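Peer 1: Next up is a structure, given as structure tokens.
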Amino acid sequence: MHQKSHKITLFLLLSMSAMSAFAEEQIISATAGQLTGSFAVVNKYIYRGGVENDDVALQAGIEYAHHNGVAIGYWGSTLDYDPSDDSETKDHGFEHNFYLAYAQKINQDWHYKVQTTAYYYQDGGTVYADNGDARKTTALDVLGELAYKNLTLGAVVMLTDVSFANAGDVYLNARYRYALAQNFMLNSSVGASIYNSSRDDSMMATQNKIVFNEARIGVSKEIPNMAVTASLDYVVGGKDRFETNFDDQVVLGLNFNF
């Protein structure tokens, strides 16, 4: 829920407002739980302000949620770069996210979720510095969310040193959704990072420890009788730990739920 190796990004489409690729709930068994899935097409894949795919991206997810609150799932997306060990021969790649989550309602208005996610790139991946230092691209993080009605606050902590992040990096996110007329939904979010520079090395030289990454404002609408949601987001770009400026983006998407 990644950008080229010199930038910081992670996927967490669970935390993105309108472009989330996870399906709406579809009850399979009241006692066993719920199986949901989706397939999405977006004009570009933007994550935490950074460009993961500047061309049309295909994204898919599936999740099984038990009635006790435990859920396991997968989400993946095409990329316009290749972070794997075959990057010299390929100019595109695929991101795989595997997660385990636990969510519960506190009462009618409050609920929370904790989740750990493993990020894996097709064919693995290692990034090398000029001096021979190397970092893997496979990553692991943990997410905590607390929601009150339509407002959700979240924090993601990176647990491993990888080519795009240090262990201890924290991403903070706030999301707000509001139902509009004609079954339109207003989606908004803002995200910022606190970077852990104490684990910097020749591959990770933090220039700014606290940065604004992105803000989003958009609308989405479910197309009646088709299990399809169309969305439009405007993304205000911020920066990353290297002081790289992100451009503003317009993201269009169609999400097919099953």
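By convention in this document, the chains of the structure tokens carry letters A, B, ... by their order, each chain's residues are numbered from 1, and ligands are numbered from 1 in the order they are shown.
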Find the residues around range 93-96 of chain A up to 7 Å (only C-alpha atoms counted), leave out those fewer than 6 positions away in its own chain, and share them as a list in words.

Peer 2: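 Those residues are Trp75, Gly76, Ser77, Thr78, Leu79, Asp80, Tyr81, Asp82, Pro83, Tyr119, Tyr120, Tyr121 and Gln122 of chain A.
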
Peer 1: Got time to write the residues from that selection, N, CA and C atoms, as a PDB file, in the first residue's frame?

Peer 2:
ATOM      1  N   TRP A  75      -2.616  -7.627  -2.990  1.00  0.00           N
ATOM      2  CA  TRP A  75      -2.853  -6.549  -3.952  1.00  0.00           C
ATOM      3  C   TRP A  75      -1.615  -6.415  -4.822  1.00  0.00           C
ATOM      4  N   GLY A  76      -1.821  -6.187  -6.132  1.00  0.00           N
ATOM      5  CA  GLY A  76      -0.691  -6.056  -7.045  1.00  0.00           C
ATOM      6  C   GLY A  76      -0.938  -5.004  -8.103  1.00  0.00           C
ATOM      7  N   SER A  77       0.154  -4.486  -8.686  1.00  0.00           N
ATOM      8  CA  SER A  77       0.058  -3.451  -9.712  1.00  0.00           C
ATOM      9  C   SER A  77       1.227  -3.543 -10.675  1.00  0.00           C
ATOM     10  N   THR A  78       0.970  -3.197 -11.939  1.00  0.00           N
ATOM     11  CA  THR A  78       2.040  -3.056 -12.912  1.00  0.00           C
ATOM     12  C   THR A  78       2.806  -1.763 -12.649  1.00  0.00           C
ATOM     13  N   LEU A  79       4.105  -1.770 -12.986  1.00  0.00           N
ATOM     14  CA  LEU A  79       4.989  -0.624 -12.802  1.00  0.00           C
ATOM     15  C   LEU A  79       5.633  -0.275 -14.141  1.00  0.00           C
ATOM     16  N   ASP A  80       6.071   0.985 -14.278  1.00  0.00           N
ATOM     17  CA  ASP A  80       6.755   1.359 -15.514  1.00  0.00           C
ATOM     18  C   ASP A  80       8.275   1.345 -15.340  1.00  0.00           C
ATOM     19  N   TYR A  81       8.757   0.702 -14.287  1.00  0.00           N
ATOM     20  CA  TYR A  81      10.181   0.491 -14.072  1.00  0.00           C
ATOM     21  C   TYR A  81      10.346  -0.898 -13.464  1.00  0.00           C
ATOM     22  N   ASP A  82      11.566  -1.387 -13.426  1.00  0.00           N
ATOM     23  CA  ASP A  82      11.812  -2.737 -12.911  1.00  0.00           C
ATOM     24  C   ASP A  82      12.855  -2.682 -11.799  1.00  0.00           C
ATOM     25  N   PRO A  83      12.438  -2.908 -10.537  1.00  0.00           N
ATOM     26  CA  PRO A  83      13.390  -2.891  -9.428  1.00  0.00           C
ATOM     27  C   PRO A  83      14.029  -4.246  -9.152  1.00  0.00           C
ATOM     28  N   TYR A 119       6.013  -6.360   0.944  1.00  0.00           N
ATOM     29  CA  TYR A 119       6.090  -5.838  -0.416  1.00  0.00           C
ATOM     30  C   TYR A 119       7.164  -6.614  -1.173  1.00  0.00           C
ATOM     31  N   TYR A 120       6.763  -7.216  -2.275  1.00  0.00           N
ATOM     32  CA  TYR A 120       7.683  -8.042  -3.048  1.00  0.00           C
ATOM     33  C   TYR A 120       7.568  -7.675  -4.520  1.00  0.00           C
ATOM     34  N   TYR A 121       8.730  -7.613  -5.208  1.00  0.00           N
ATOM     35  CA  TYR A 121       8.751  -7.301  -6.630  1.00  0.00           C
ATOM     36  C   TYR A 121       9.030  -8.558  -7.436  1.00  0.00           C
ATOM     37  N   GLN A 122       8.385  -8.651  -8.593  1.00  0.00           N
ATOM     38  CA  GLN A 122       8.551  -9.816  -9.456  1.00  0.00           C
ATOM     39  C   GLN A 122      10.030 -10.100  -9.688  1.00  0.00           C
TER      40      GLN A 122
END

Peer 1: If we count only C-alpha atoms and set the cut-off at 9 Å, which residues sit around range 240-248 of chain A, ignoring sequence neighbours fewer than 4 positions away in its own chain? Please answer as a ChimeraX atom specification.

Peer 2: /A:6-9,48-51,193-195,204-214,234-236

Peer 1: Any chance you could export the current selection's N, CA and C atoms as a PDB file, in the first residue's frame?

Peer 2:
ATOM      1  N   HIS A   6      15.751   5.604  -6.255  1.00  0.00           N
ATOM      2  CA  HIS A   6      16.272   6.752  -5.549  1.00  0.00           C
ATOM      3  C   HIS A   6      15.174   7.552  -4.870  1.00  0.00           C
ATOM      4  N   LYS A   7      13.954   7.085  -4.880  1.00  0.00           N
ATOM      5  CA  LYS A   7      12.844   7.793  -4.253  1.00  0.00           C
ATOM      6  C   LYS A   7      12.155   6.904  -3.237  1.00  0.00           C
ATOM      7  N   ILE A   8      11.417   7.532  -2.319  1.00  0.00           N
ATOM      8  CA  ILE A   8      10.722   6.788  -1.275  1.00  0.00           C
ATOM      9  C   ILE A   8       9.259   6.652  -1.654  1.00  0.00           C
ATOM     10  N   THR A   9       8.815   5.403  -1.840  1.00  0.00           N
ATOM     11  CA  THR A   9       7.381   5.156  -1.962  1.00  0.00           C
ATOM     12  C   THR A   9       7.051   3.786  -1.466  1.00  0.00           C
ATOM     13  N   ARG A  48       1.911   8.113  -2.533  1.00  0.00           N
ATOM     14  CA  ARG A  48       2.574   9.077  -1.650  1.00  0.00           C
ATOM     15  C   ARG A  48       3.270  10.165  -2.446  1.00  0.00           C
ATOM     16  N   GLY A  49       2.617  10.621  -3.495  1.00  0.00           N
ATOM     17  CA  GLY A  49       3.120  11.706  -4.316  1.00  0.00           C
ATOM     18  C   GLY A  49       4.027  11.284  -5.438  1.00  0.00           C
ATOM     19  N   GLY A  50       4.635  10.107  -5.351  1.00  0.00           N
ATOM     20  CA  GLY A  50       5.594   9.644  -6.346  1.00  0.00           C
ATOM     21  C   GLY A  50       4.938   8.823  -7.440  1.00  0.00           C
ATOM     22  N   VAL A  51       5.557   8.818  -8.605  1.00  0.00           N
ATOM     23  CA  VAL A  51       5.025   8.102  -9.765  1.00  0.00           C
ATOM     24  C   VAL A  51       5.557   6.673  -9.769  1.00  0.00           C
ATOM     25  N   SER A 193       5.584  12.331   5.877  1.00  0.00           N
ATOM     26  CA  SER A 193       6.520  11.329   6.377  1.00  0.00           C
ATOM     27  C   SER A 193       7.484  11.919   7.383  1.00  0.00           C
ATOM     28  N   ILE A 194       7.841  11.086   8.362  1.00  0.00           N
ATOM     29  CA  ILE A 194       8.932  11.380   9.298  1.00  0.00           C
ATOM     30  C   ILE A 194      10.008  10.337   9.023  1.00  0.00           C
ATOM     31  N   TYR A 195      11.139  10.775   8.478  1.00  0.00           N
ATOM     32  CA  TYR A 195      12.173   9.844   8.036  1.00  0.00           C
ATOM     33  C   TYR A 195      13.221   9.627   9.121  1.00  0.00           C
ATOM     34  N   MET A 204      21.300   5.828   1.145  1.00  0.00           N
ATOM     35  CA  MET A 204      20.161   6.552   1.715  1.00  0.00           C
ATOM     36  C   MET A 204      20.686   7.760   2.478  1.00  0.00           C
ATOM     37  N   ALA A 205      20.654   8.925   1.846  1.00  0.00           N
ATOM     38  CA  ALA A 205      21.150  10.155   2.451  1.00  0.00           C
ATOM     39  C   ALA A 205      19.976  11.114   2.620  1.00  0.00           C
ATOM     40  N   THR A 206      19.375  11.118   3.800  1.00  0.00           N
ATOM     41  CA  THR A 206      18.185  11.917   4.062  1.00  0.00           C
ATOM     42  C   THR A 206      18.527  13.402   4.084  1.00  0.00           C
ATOM     43  N   GLN A 207      17.804  14.185   3.284  1.00  0.00           N
ATOM     44  CA  GLN A 207      17.985  15.629   3.238  1.00  0.00           C
ATOM     45  C   GLN A 207      16.946  16.357   4.077  1.00  0.00           C
ATOM     46  N   ASN A 208      15.799  15.741   4.263  1.00  0.00           N
ATOM     47  CA  ASN A 208      14.720  16.386   5.012  1.00  0.00           C
ATOM     48  C   ASN A 208      14.023  15.311   5.840  1.00  0.00           C
ATOM     49  N   LYS A 209      13.984  15.494   7.165  1.00  0.00           N
ATOM     50  CA  LYS A 209      13.451  14.464   8.054  1.00  0.00           C
ATOM     51  C   LYS A 209      11.931  14.478   8.137  1.00  0.00           C
ATOM     52  N   ILE A 210      11.294  15.625   7.942  1.00  0.00           N
ATOM     53  CA  ILE A 210       9.840  15.725   8.011  1.00  0.00           C
ATOM     54  C   ILE A 210       9.355  16.423   6.750  1.00  0.00           C
ATOM     55  N   VAL A 211       8.527  15.741   5.948  1.00  0.00           N
ATOM     56  CA  VAL A 211       8.079  16.323   4.684  1.00  0.00           C
ATOM     57  C   VAL A 211       6.607  16.030   4.444  1.00  0.00           C
ATOM     58  N   PHE A 212       5.974  16.927   3.734  1.00  0.00           N
ATOM     59  CA  PHE A 212       4.633  16.720   3.186  1.00  0.00           C
ATOM     60  C   PHE A 212       4.790  15.972   1.875  1.00  0.00           C
ATOM     61  N   ASN A 213       4.118  14.804   1.732  1.00  0.00           N
ATOM     62  CA  ASN A 213       4.245  13.992   0.526  1.00  0.00           C
ATOM     63  C   ASN A 213       3.177  14.281  -0.515  1.00  0.00           C
ATOM     64  N   GLU A 214       1.906  14.332  -0.096  1.00  0.00           N
ATOM     65  CA  GLU A 214       0.845  14.563  -1.060  1.00  0.00           C
ATOM     66  C   GLU A 214      -0.456  14.913  -0.360  1.00  0.00           C
ATOM     67  N   TYR A 234      -7.497  14.583  -7.943  1.00  0.00           N
ATOM     68  CA  TYR A 234      -6.418  15.541  -8.202  1.00  0.00           C
ATOM     69  C   TYR A 234      -5.414  15.406  -7.059  1.00  0.00           C
ATOM     70  N   VAL A 235      -4.156  15.148  -7.413  1.00  0.00           N
ATOM     71  CA  VAL A 235      -3.115  14.902  -6.422  1.00  0.00           C
ATOM     72  C   VAL A 235      -2.164  16.096  -6.391  1.00  0.00           C
ATOM     73  N   VAL A 236      -2.055  16.722  -5.234  1.00  0.00           N
ATOM     74  CA  VAL A 236      -1.103  17.807  -5.032  1.00  0.00           C
ATOM     75  C   VAL A 236       0.211  17.198  -4.553  1.00  0.00           C
TER      76      VAL A 236
END

Peer 1: Just to confirm, what's the straight-line distance from CA of Asn257 in chain A to CA of Gly37 in chain A in Å (one decimal)?

Peer 2: 6.0 Å
